[in-house]
file final_31.cif (mmCIF, C-alpha atoms and all ligand atoms)
data_my_file
loop_
_atom_site.label_atom_id
_atom_site.label_comp_id
_atom_site.auth_asym_id
_atom_site.auth_seq_id
_atom_site.Cartn_x
_atom_site.Cartn_y
_atom_site.Cartn_z
CA MET N 15 0.00 0.00 0.00
CA ASP N 16 1.20 3.56 -0.70
CA ARG N 17 2.83 4.96 2.43
CA LYS N 18 0.76 8.13 2.11
CA PHE N 19 -2.43 6.15 2.78
CA ALA N 20 -1.08 3.54 5.17
CA ALA N 21 -2.60 4.85 8.38
CA ALA N 22 -6.01 6.40 8.84
CA PRO N 23 -7.96 7.02 12.02
CA ALA N 24 -11.33 5.27 12.17
CA MET N 25 -14.17 7.38 10.79
CA THR N 26 -17.05 6.99 13.17
CA ARG N 27 -20.80 7.39 12.98
CA GLN N 28 -20.33 10.26 15.45
CA PHE N 29 -18.10 12.01 12.93
CA ALA N 30 -20.80 11.89 10.24
CA LEU N 31 -23.56 12.91 12.68
CA ARG N 32 -21.54 15.82 14.02
CA GLU N 33 -20.65 17.07 10.53
CA LEU N 34 -24.23 16.71 9.26
CA ASP N 35 -25.36 18.67 12.26
CA PHE N 36 -22.95 21.47 11.35
CA CYS N 37 -24.24 21.39 7.72
CA ARG N 38 -27.83 21.46 8.85
CA ARG N 39 -27.32 24.55 11.00
CA LYS N 40 -25.65 26.40 8.12
CA ILE N 41 -28.31 25.37 5.59
CA ASP N 42 -31.19 26.20 7.95
CA ALA N 43 -29.74 29.69 8.30
CA LEU N 44 -29.75 30.07 4.48
CA LEU N 45 -33.33 28.89 3.93
CA PRO N 46 -35.14 32.21 4.55
CA ARG N 47 -32.93 33.97 1.99
CA PHE N 48 -33.78 31.56 -0.84
CA PRO N 49 -37.52 30.85 -0.54
CA ASP N 50 -38.11 30.65 -4.31
CA CYS N 51 -34.76 31.68 -5.75
CA PHE N 52 -31.42 29.86 -5.70
CA PRO N 53 -28.00 30.33 -4.16
CA GLY N 54 -25.56 31.21 -6.96
CA ALA N 55 -22.98 28.74 -8.24
CA ASN N 56 -20.26 30.11 -5.97
CA THR N 57 -19.95 32.51 -3.09
CA GLU N 58 -18.57 36.01 -3.55
CA GLY N 59 -16.64 36.94 -0.45
CA LEU N 60 -17.99 33.71 1.08
CA ARG N 61 -21.65 34.83 0.66
CA TYR N 62 -24.01 33.24 -1.88
CA PRO N 63 -25.68 35.81 -4.14
CA ALA N 64 -29.35 35.11 -4.93
CA GLU N 65 -30.08 33.81 -8.42
CA ARG N 66 -33.61 34.81 -9.42
CA GLU N 67 -33.68 32.86 -12.71
CA ASN N 68 -33.42 29.12 -13.07
CA ILE N 69 -30.84 29.24 -15.85
CA GLU N 70 -27.55 27.92 -14.42
CA TRP N 71 -26.46 24.26 -14.26
CA THR N 72 -26.18 24.53 -10.48
CA THR N 73 -29.66 25.42 -9.25
CA SER N 74 -30.57 21.89 -8.14
CA PHE N 75 -27.74 21.45 -5.64
CA PHE N 76 -29.60 23.42 -2.98
CA SER N 77 -32.69 21.22 -3.50
CA GLY N 78 -30.46 18.14 -3.33
CA MET N 79 -29.15 19.21 0.07
CA LEU N 80 -32.67 19.92 1.33
CA TRP N 81 -33.89 16.50 0.15
CA LEU N 82 -30.96 14.81 1.94
CA LEU N 83 -31.63 16.76 5.13
CA TYR N 84 -35.33 15.92 4.87
CA GLN N 85 -34.42 12.23 4.58
CA HIS N 86 -31.90 12.45 7.41
CA THR N 87 -34.15 14.31 9.87
CA GLY N 88 -37.71 13.61 8.70
CA ASP N 89 -38.28 17.32 9.28
CA GLU N 90 -41.18 18.47 7.07
CA THR N 91 -40.26 22.15 7.33
CA TYR N 92 -37.98 21.59 4.30
CA LEU N 93 -40.92 20.66 2.09
CA PRO N 94 -42.49 24.09 1.36
CA THR N 95 -39.17 25.42 0.03
CA LEU N 96 -38.63 22.22 -1.94
CA GLU N 97 -42.10 22.55 -3.48
CA ARG N 98 -41.51 26.16 -4.52
CA HIS N 99 -38.16 25.20 -6.06
CA LEU N 100 -39.77 22.25 -7.84
CA GLU N 101 -42.19 24.68 -9.52
CA ARG N 102 -39.17 26.46 -10.99
CA PHE N 103 -37.88 23.15 -12.38
CA TYR N 104 -41.29 22.30 -13.83
CA ASP N 105 -41.29 25.68 -15.48
CA ARG N 106 -37.86 25.17 -17.02
CA VAL N 107 -39.05 22.21 -19.12
CA GLU N 108 -42.74 23.02 -19.51
CA ARG N 109 -42.04 26.45 -20.99
CA PRO N 110 -38.70 25.54 -22.49
CA GLY N 111 -35.97 28.03 -21.86
CA ASN N 112 -32.40 27.36 -20.85
CA ILE N 113 -32.43 23.74 -21.85
CA ASP N 114 -29.57 23.86 -24.39
CA THR N 115 -27.29 21.96 -22.03
CA HIS N 116 -26.42 18.40 -21.05
CA ASP N 117 -26.61 19.51 -17.40
CA LEU N 118 -30.29 18.58 -17.36
CA GLY N 119 -29.01 15.51 -15.50
CA PHE N 120 -27.59 17.43 -12.53
CA LEU N 121 -30.70 19.61 -12.60
CA TYR N 122 -33.40 16.94 -12.64
CA SER N 123 -31.70 14.07 -10.77
CA LEU N 124 -31.50 16.28 -7.68
CA SER N 125 -34.85 18.07 -7.94
CA CYS N 126 -37.57 15.96 -9.59
CA TYR N 127 -36.10 12.50 -9.06
CA PRO N 128 -36.18 12.67 -5.23
CA ALA N 129 -39.78 13.95 -5.52
CA ILE N 130 -40.61 10.86 -7.59
CA LEU N 131 -38.83 8.53 -5.17
CA LEU N 132 -40.03 10.05 -1.91
CA LYS N 133 -43.39 11.62 -2.82
CA LYS N 134 -44.54 9.63 -5.87
CA ASP N 135 -45.12 13.02 -7.46
CA GLU N 136 -46.67 12.63 -10.92
CA ARG N 137 -45.82 16.12 -12.18
CA ALA N 138 -42.22 15.63 -11.09
CA ARG N 139 -42.21 12.35 -13.06
CA SER N 140 -43.58 13.99 -16.17
CA CYS N 141 -41.08 16.89 -16.01
CA PHE N 142 -38.22 14.52 -15.26
CA LEU N 143 -39.06 12.60 -18.44
CA LYS N 144 -39.34 15.83 -20.44
CA ALA N 145 -35.84 16.73 -19.25
CA ALA N 146 -34.63 13.25 -20.33
CA ASP N 147 -36.12 13.88 -23.80
CA TYR N 148 -34.31 17.19 -24.10
CA LEU N 149 -31.08 15.47 -23.14
CA LYS N 150 -31.77 12.65 -25.59
CA ALA N 151 -32.14 15.22 -28.38
CA ARG N 152 -28.48 16.18 -27.84
CA TYR N 153 -27.27 12.76 -28.96
CA PHE N 154 -25.33 12.38 -32.22
CA ASP N 155 -25.77 8.88 -33.58
CA LYS N 156 -22.64 8.61 -35.71
CA ALA N 157 -20.37 9.94 -32.96
CA GLY N 158 -22.23 8.13 -30.16
CA ILE N 159 -22.06 11.13 -27.85
CA LEU N 160 -24.20 13.75 -26.17
CA GLN N 161 -23.09 17.29 -26.98
CA ALA N 162 -22.32 19.17 -23.79
CA TRP N 163 -22.94 22.82 -24.33
CA GLY N 164 -25.01 25.18 -26.41
CA ASP N 165 -27.09 24.98 -29.51
CA LEU N 166 -26.41 21.83 -31.57
CA THR N 167 -25.50 23.89 -34.63
CA ASP N 168 -23.04 26.18 -32.83
CA PRO N 169 -19.67 25.46 -34.56
CA GLU N 170 -17.68 26.18 -31.35
CA ASN N 171 -19.51 23.46 -29.41
CA ARG N 172 -20.67 21.05 -32.10
CA GLY N 173 -19.70 17.47 -31.26
CA ARG N 174 -17.96 18.46 -28.04
CA MET N 175 -18.36 16.06 -25.14
CA ILE N 176 -17.05 16.76 -21.66
CA ILE N 177 -16.17 14.49 -18.79
CA ASP N 178 -18.68 16.15 -16.42
CA CYS N 179 -21.46 14.62 -18.56
CA LEU N 180 -20.99 11.27 -16.84
CA LEU N 181 -23.01 12.68 -13.94
CA ASN N 182 -25.82 13.58 -16.36
CA LEU N 183 -26.19 10.00 -17.60
CA PRO N 184 -28.21 8.75 -14.59
CA LEU N 185 -31.10 10.88 -15.93
CA LEU N 186 -31.17 8.68 -19.04
CA TYR N 187 -30.64 5.40 -17.19
CA GLN N 188 -33.43 6.36 -14.80
CA ALA N 189 -35.73 7.40 -17.66
CA ALA N 190 -35.17 4.01 -19.31
CA ARG N 191 -36.23 2.30 -16.10
CA LEU N 192 -39.26 4.53 -15.55
CA THR N 193 -40.57 4.17 -19.12
CA GLY N 194 -39.20 0.81 -20.29
CA ASP N 195 -37.79 2.64 -23.35
CA GLU N 196 -34.31 1.17 -23.93
CA ARG N 197 -33.22 4.02 -26.22
CA TYR N 198 -32.42 6.20 -23.21
CA TYR N 199 -30.22 3.43 -21.80
CA ASP N 200 -28.49 2.76 -25.13
CA MET N 201 -27.55 6.42 -25.55
CA ALA N 202 -26.21 6.71 -22.01
CA TYR N 203 -24.24 3.49 -22.34
CA THR N 204 -22.78 4.38 -25.75
CA HIS N 205 -21.83 7.87 -24.53
CA ALA N 206 -20.08 6.40 -21.48
CA ARG N 207 -18.11 4.01 -23.72
CA GLN N 208 -17.07 6.87 -26.01
CA ALA N 209 -16.06 8.96 -22.98
CA GLN N 210 -13.96 6.02 -21.78
CA ARG N 211 -12.36 5.68 -25.20
CA TYR N 212 -11.57 9.33 -25.92
CA LEU N 213 -11.62 11.38 -22.71
CA VAL N 214 -9.36 8.99 -20.78
CA ARG N 215 -5.71 9.22 -21.79
CA ALA N 216 -3.21 6.33 -21.82
CA ASP N 217 -1.71 7.47 -18.48
CA ASN N 218 -5.19 7.46 -16.81
CA SER N 219 -5.48 11.22 -16.67
CA THR N 220 -8.37 12.82 -18.53
CA TYR N 221 -9.17 15.51 -21.01
CA HIS N 222 -11.81 17.91 -19.85
CA THR N 223 -13.44 18.00 -23.27
CA PHE N 224 -13.12 16.15 -26.58
CA TYR N 225 -14.41 17.01 -30.05
CA MET N 226 -15.97 14.40 -32.31
CA ASP N 227 -16.87 14.84 -35.97
CA VAL N 228 -20.61 14.27 -35.79
CA THR N 229 -21.08 13.60 -39.48
CA THR N 230 -18.40 10.91 -39.81
CA GLY N 231 -18.08 9.80 -36.17
CA VAL N 232 -14.30 10.33 -36.36
CA PRO N 233 -12.59 11.48 -33.13
CA ARG N 234 -10.94 14.90 -33.46
CA PHE N 235 -9.00 16.26 -30.47
CA GLY N 236 -9.05 16.91 -26.74
CA ALA N 237 -9.03 20.40 -25.24
CA THR N 238 -9.59 21.96 -21.88
CA ALA N 239 -12.07 24.61 -20.81
CA GLN N 240 -11.42 24.86 -17.06
CA GLY N 241 -8.04 23.18 -16.66
CA TYR N 242 -4.51 24.58 -16.73
CA SER N 243 -3.80 23.42 -20.30
CA ASP N 244 -5.07 21.05 -22.96
CA SER N 245 -2.56 18.43 -21.85
CA SER N 246 -2.96 18.86 -18.08
CA CYS N 247 -5.57 17.13 -15.94
CA TRP N 248 -8.30 19.37 -14.51
CA ALA N 249 -8.93 18.02 -11.00
CA ARG N 250 -12.71 18.27 -11.06
CA GLY N 251 -12.87 16.56 -14.44
CA GLN N 252 -10.86 13.64 -13.07
CA VAL N 253 -13.23 13.18 -10.12
CA TRP N 254 -16.36 13.55 -12.25
CA GLY N 255 -14.75 10.62 -14.08
CA VAL N 256 -14.19 8.54 -10.92
CA TYR N 257 -17.75 9.03 -9.71
CA GLY N 258 -19.37 9.02 -13.16
CA PHE N 259 -17.80 5.79 -14.48
CA THR N 260 -18.70 4.09 -11.20
CA LEU N 261 -22.32 5.19 -11.64
CA SER N 262 -22.31 3.88 -15.21
CA TYR N 263 -21.07 0.58 -13.79
CA ARG N 264 -23.94 0.62 -11.29
CA HIS N 265 -26.45 1.05 -14.11
CA THR N 266 -24.92 -1.24 -16.75
CA ARG N 267 -22.76 -3.76 -14.83
CA ASP N 268 -20.07 -3.30 -17.51
CA ARG N 269 -16.96 -4.10 -15.48
CA SER N 270 -14.71 -2.03 -17.69
CA PHE N 271 -16.27 1.10 -16.14
CA LEU N 272 -15.23 -0.06 -12.68
CA ASP N 273 -11.68 -0.67 -13.88
CA THR N 274 -11.57 2.78 -15.48
CA ALA N 275 -12.86 4.41 -12.29
CA CYS N 276 -10.08 2.69 -10.28
CA ARG N 277 -7.40 3.77 -12.74
CA LEU N 278 -8.61 7.38 -12.66
CA LEU N 279 -8.72 7.26 -8.87
CA ASP N 280 -5.15 5.93 -8.67
CA TYR N 281 -3.93 8.78 -10.87
CA TYR N 282 -5.78 11.28 -8.67
CA LEU N 283 -4.56 9.85 -5.33
CA ALA N 284 -0.95 9.90 -6.51
CA ARG N 285 -1.25 13.68 -6.95
CA LEU N 286 -2.73 14.63 -3.61
CA PRO N 287 -0.74 17.05 -1.49
CA ALA N 288 0.12 16.41 2.16
CA ASP N 289 -3.28 17.47 3.52
CA TYR N 290 -5.19 15.20 1.08
CA VAL N 291 -7.17 18.02 -0.58
CA ASN N 292 -6.29 18.45 -4.27
CA TYR N 293 -5.17 21.53 -6.14
CA TRP N 294 -7.50 22.82 -8.89
CA ASP N 295 -5.43 21.08 -11.56
CA LEU N 296 -3.53 17.86 -10.94
CA CYS N 297 -0.42 19.23 -12.61
CA PHE N 298 0.12 20.93 -9.23
CA THR N 299 1.09 18.75 -6.28
CA GLU N 300 2.67 21.37 -3.99
CA GLY N 301 2.96 25.14 -3.66
CA ASP N 302 0.42 27.90 -3.28
CA GLN N 303 -1.94 27.33 -6.21
CA PRO N 304 -5.62 27.31 -5.13
CA ARG N 305 -7.11 24.05 -3.86
CA ASP N 306 -10.48 22.81 -5.04
CA SER N 307 -12.20 21.32 -2.01
CA SER N 308 -15.31 20.63 -4.12
CA SER N 309 -13.39 18.00 -6.12
CA THR N 310 -12.37 16.27 -2.90
CA ALA N 311 -16.00 16.09 -1.77
CA ILE N 312 -17.02 14.67 -5.16
CA VAL N 313 -14.31 12.00 -5.15
CA CYS N 314 -15.33 10.95 -1.61
CA CYS N 315 -18.84 10.24 -2.95
CA GLY N 316 -17.24 8.38 -5.86
CA ILE N 317 -15.15 6.22 -3.52
CA LEU N 318 -18.16 5.46 -1.32
CA GLU N 319 -20.05 4.26 -4.41
CA LEU N 320 -17.00 2.36 -5.73
CA LEU N 321 -16.44 0.51 -2.45
CA LYS N 322 -19.95 -0.94 -2.71
CA HIS N 323 -18.98 -2.71 -5.93
CA LEU N 324 -15.33 -3.70 -5.40
CA PRO N 325 -14.75 -7.24 -4.12
CA LEU N 326 -13.62 -7.37 -0.47
CA THR N 327 -10.38 -8.92 -1.71
CA HIS N 328 -9.63 -6.14 -4.23
CA PRO N 329 -5.92 -5.20 -3.83
CA ARG N 330 -6.63 -1.44 -3.72
CA ARG N 331 -9.61 -1.58 -1.38
CA ARG N 332 -7.71 -0.75 1.81
CA THR N 333 -5.94 2.17 0.11
CA TYR N 334 -9.26 3.61 -1.07
CA GLU N 335 -10.85 3.20 2.38
CA ASN N 336 -7.93 4.95 4.06
CA ALA N 337 -7.78 7.70 1.44
CA LEU N 338 -11.50 8.33 1.95
CA THR N 339 -11.03 8.69 5.69
CA LEU N 340 -8.03 10.98 5.31
CA MET N 341 -9.82 13.21 2.80
CA MET N 342 -13.08 13.46 4.75
CA THR N 343 -11.33 14.22 8.02
CA SER N 344 -9.11 16.81 6.35
CA LEU N 345 -12.16 18.52 4.80
CA ALA N 346 -13.91 18.55 8.17
CA LYS N 347 -10.90 19.84 10.06
CA ARG N 348 -9.32 22.34 7.67
CA TYR N 349 -11.85 23.23 4.95
CA THR N 350 -15.28 23.61 6.53
CA THR N 351 -16.50 27.07 7.47
CA ARG N 352 -17.23 26.12 11.08
CA ASP N 353 -14.93 28.90 12.33
CA LEU N 354 -16.36 31.43 9.86
CA PRO N 355 -19.82 32.28 11.22
CA ASP N 356 -20.52 34.79 8.42
CA ALA N 357 -19.72 32.36 5.60
CA ASP N 358 -22.75 30.93 3.75
CA GLY N 359 -21.10 27.82 2.36
CA LEU N 360 -20.10 24.57 4.04
CA LEU N 361 -16.71 24.05 2.39
CA ALA N 362 -14.30 26.94 1.86
CA HIS N 363 -11.39 26.87 -0.63
CA GLY N 364 -13.27 25.67 -3.68
CA VAL N 365 -12.77 26.86 -7.25
CA TYR N 366 -15.27 27.27 -10.07
CA SER N 367 -12.92 28.21 -12.90
CA ILE N 368 -9.43 29.65 -12.82
CA PRO N 369 -9.28 30.36 -16.59
CA HIS N 370 -12.51 32.35 -16.28
CA GLN N 371 -11.39 33.86 -12.93
CA ARG N 372 -14.69 32.86 -11.42
CA GLY N 373 -15.27 31.64 -7.88
CA VAL N 374 -11.60 31.31 -6.92
CA ASP N 375 -11.01 30.32 -3.28
CA GLU N 376 -14.73 30.43 -2.52
CA SER N 377 -17.47 27.98 -1.57
CA THR N 378 -19.29 26.30 -4.44
CA ILE N 379 -22.86 25.09 -4.17
CA TRP N 380 -21.92 21.67 -5.63
CA GLY N 381 -18.96 21.31 -3.24
CA ASP N 382 -21.42 21.87 -0.39
CA TYR N 383 -23.90 19.42 -1.89
CA TYR N 384 -21.32 16.63 -2.34
CA TYR N 385 -19.99 17.13 1.18
CA VAL N 386 -23.52 16.55 2.52
CA GLU N 387 -23.99 13.59 0.17
CA ALA N 388 -20.72 12.00 1.33
CA LEU N 389 -21.77 12.36 4.99
CA TYR N 390 -25.22 10.99 4.19
CA ARG N 391 -23.62 8.02 2.40
CA LEU N 392 -21.33 7.40 5.39
CA LEU N 393 -24.35 7.17 7.67
CA TYR N 394 -26.85 5.36 5.46
CA GLY N 395 -24.62 3.50 2.98
CA ASP N 396 -26.13 4.90 -0.25
CA CYS N 397 -27.72 7.85 -2.01
CA ASP N 398 -30.59 6.94 -4.32
CA TYR N 399 -30.67 10.10 -6.42
CA TRP N 400 -28.17 8.79 -8.99
CA SER N 401 -29.32 5.18 -8.95
N1 LIG A 501 -19.78 20.80 -14.46
C1 LIG A 501 -19.15 22.07 -14.42
C2 LIG A 501 -18.05 22.13 -13.43
O1 LIG A 501 -17.71 21.14 -12.80
O2 LIG A 501 -17.53 23.23 -13.29
#

call {"tool": "encode", "arguments": {"input": "final_31.cif", "output": "structure tokens", "more": "lines below"}}
Ligand code: GLY
result
Amino acid sequence: MDRKFAAAPAMTRQFALRELDFCRRKIDALLPRFPDCFPGANTEGLRYPAERENIEWTTSFFSGMLWLLYQHTGDETYLPTLERHLERFYDRVERPGNIDTHDLGFLYSLSCYPAILLKKDERARSCFLKAADYLKARYFDKAGILQAWGDLTDPENRGRMIIDCLLNLPLLYQAARLTGDERYYDMAYTHARQAQRYLVRADNSTYHTFYMDVTTGVPRFGATAQGYSDSSCWARGQVWGVYGFTLSYRHTRDRSFLDTACRLLDYYLARLPADYVNYWDLCFTEGDQPRDSSSTAIVCCGILELLKHLPLTHPRRRTYENALTLMMTSLAKRYTTRDLPDADGLLAHGVYSIPHQRGVDESTIWGDYYYVEALYRLLYGDCDYWS
């Protein structure tokens, strides 16, 4: 086993309960400020601005946290806010606007899907399936991929897939299960295979994005949007890969996805600095570049999902368990905002995008969400929203 991960203190149920309690207090304090609008994607000066329109890819993460807290506590006071937010998600697909994105998965798996699971809500089901249809319309048959961003005719984005999309595939897998229509499943599965083929490099690092020729199906080239360079490995992309390929394994039982997730995770773990919280790009392993705590929270969820599927005798299992403990305890100890009473977020020191100079050394709403999800998974063993 790598020396770096040889020893880890036991992570107890008390740890998860205590951390969830901290998260709950912070989120409860935010609730009155976002009754029917959304916290922005990232804090500005550690405060979340209010987003009045439901146009970003990030608006569902607040709902996701409220659903998890509702499940954890049984407290019905979360429901009125959740219902008002759901209306905004119904609106987004019923009067289509701001749907030219693959991020419909993040948006609807964390808003409507829990309402289907927990409340058997018929309108949520219908809007969830509408969202799946909009995502399905982004599929290019010849290339076998879902285009990530923008209008399908936009030359800048045409045929461009991105690694983040792996987290949008559960929407299609779930739609296939809800309707019995295998086309959703086939598209998700084919996209995941193409992502595995072209976004993953020979050294197990990843491209953030990759262009395909959609008329011939021929692969073109990889390029970054949020990483340091086209040839570097953007940290959040790598962890979307770890979690996303594991979820595709969960839905398809194709073992090659599990192997890919392990290889991506090994690359990532080898580049962690001494406090086990990654820099924003994995080309940095020491120094004073910004960290991205949100990636660490995401990979913890990925490891928790991965450990459910790896055989008990898997040679890397112990390393992954120890790494998980070391990362979660480091986040709790050094990255939460518990000593910053005026901060809105849960995790400080996240990054949205360095190349765009957006949300640098701030909280991100997805970093907060995945921290809560990881704690929830530690306590209850699973999170059904992606399954
Ligand atoms: N999916 C967009 C991001 O991770 O920034």

call {"tool": "atom_distance", "arguments": {"input": "final_31.cif", "atom1": "atom CA of Asn292 of chain N", "atom2": "atom CA of Met341 of chain N"}}
result
9.5 Å

call {"tool": "closest_residue", "arguments": {"input": "final_31.cif", "among": "N:Leu326, N:Thr343, N:Cys276, N:Tyr282", "to": "Thr299 of chain N", "atoms": "all atoms listed in the file"}}
result
N:Tyr282

call {"tool": "residues_near_ligand", "arguments": {"input": "final_31.cif", "ligand": "ligand LIG 501 (chain A)", "cutoff": "12 Å", "atoms": "only C-alpha atoms and all ligand atoms", "output": "VMD selection string"}}
result
chain N and resid 55 to 56 70 to 72 75 115 to 121 162 to 163 175 to 182 222 to 223 238 to 241 248 to 255 258 294 306 308 to 309 312 364 to 370 372 to 374 378 to 381 384

call {"tool": "residues_around", "arguments": {"input": "final_31.cif", "residues": "His323 of chain N", "least_positions_apart": "4", "cutoff": "9 Å", "atoms": "only C-alpha atoms", "output": "list in words"}}
result
Thr260, Tyr263, Arg264, Leu272 and Glu319 of chain N

call {"tool": "closest_residue", "arguments": {"input": "final_31.cif", "among": "N:Ala209, N:Leu185, N:Leu360, N:Val107", "to": "Arg61 of chain N", "atoms": "all atoms listed in the file"}}
result
N:Leu360

call {"tool": "atom_distance", "arguments": {"input": "final_31.cif", "atom1": "atom CA of Leu34 of chain N", "atom2": "atom CA of Gly78 of chain N"}}
result
14.1 Å

call {"tool": "residues_around", "arguments": {"input": "final_31.cif", "residues": "Val386 of chain N", "least_positions_apart": "4", "cutoff": "8 Å", "atoms": "all atoms listed in the file", "output": "MDAnalysis selection string"}}
result
chainID N and resid 34 37 79 82 382 390

call {"tool": "atom_distance", "arguments": {"input": "final_31.cif", "atom1": "atom CA of Pro128 of chain N", "atom2": "atom CA of Thr87 of chain N"}}
result
15.3 Å

call {"tool": "residues_around", "arguments": {"input": "final_31.cif", "residues": "segment 40-52 of chain N", "least_positions_apart": "2", "cutoff": "8 Å", "atoms": "all atoms listed in the file", "output": "PyMOL selection string"}}
result
chain N and resi 36-38+54+64-68+73+76+95+98-99+102+358-360

call {"tool": "residues_around", "arguments": {"input": "final_31.cif", "residues": "Asp135 of chain N", "least_positions_apart": "4", "cutoff": "12 Å", "atoms": "all atoms listed in the file", "output": "list in words"}}
result
Glu97, Leu100, Tyr104, Ser125, Cys126, Tyr127, Pro128, Ala129, Ile130, Leu131, Arg139, Ser140, Cys141 and Phe142 of chain N

call {"tool": "axis_aligned_box", "arguments": {"input": "final_31.cif", "around": "segment 55-61 of chain N", "padding_each_side": "5 Å", "output": "JSON"}}
result
{"center_x": -19.8, "center_y": 32.8, "center_z": -3.6, "size_x": 16.3, "size_y": 18.2, "size_z": 19.3}

call {"tool": "residues_around", "arguments": {"input": "final_31.cif", "residues": "Ala275 of chain N", "least_positions_apart": "4", "cutoff": "8 Å", "atoms": "only C-alpha atoms", "output": "PyMOL selection string"}}
result
chain N and resi 255-257+259-260+271+279

call {"tool": "closest_residue", "arguments": {"input": "final_31.cif", "among": "N:Ala337, N:Met226, N:Ala202, N:Leu124", "to": "Gly173 of chain N", "atoms": "only C-alpha atoms"}}
result
N:Met226

call {"tool": "closest_residue", "arguments": {"input": "final_31.cif", "among": "N:Cys247, N:Leu60, N:Ala157, N:Leu132", "to": "Pro355 of chain N", "atoms": "all atoms listed in the file"}}
result
N:Leu60

call {"tool": "closest_residue", "arguments": {"input": "final_31.cif", "among": "N:Tyr148, N:Trp81, N:Tyr225, N:Tyr281", "to": "Tyr399 of chain N", "atoms": "only C-alpha atoms"}}
result
N:Trp81

call {"tool": "closest_residue", "arguments": {"input": "final_31.cif", "among": "N:Leu286, N:Leu393, N:Leu320, N:Val291", "to": "Lys347 of chain N", "atoms": "only C-alpha atoms"}}
result
N:Val291
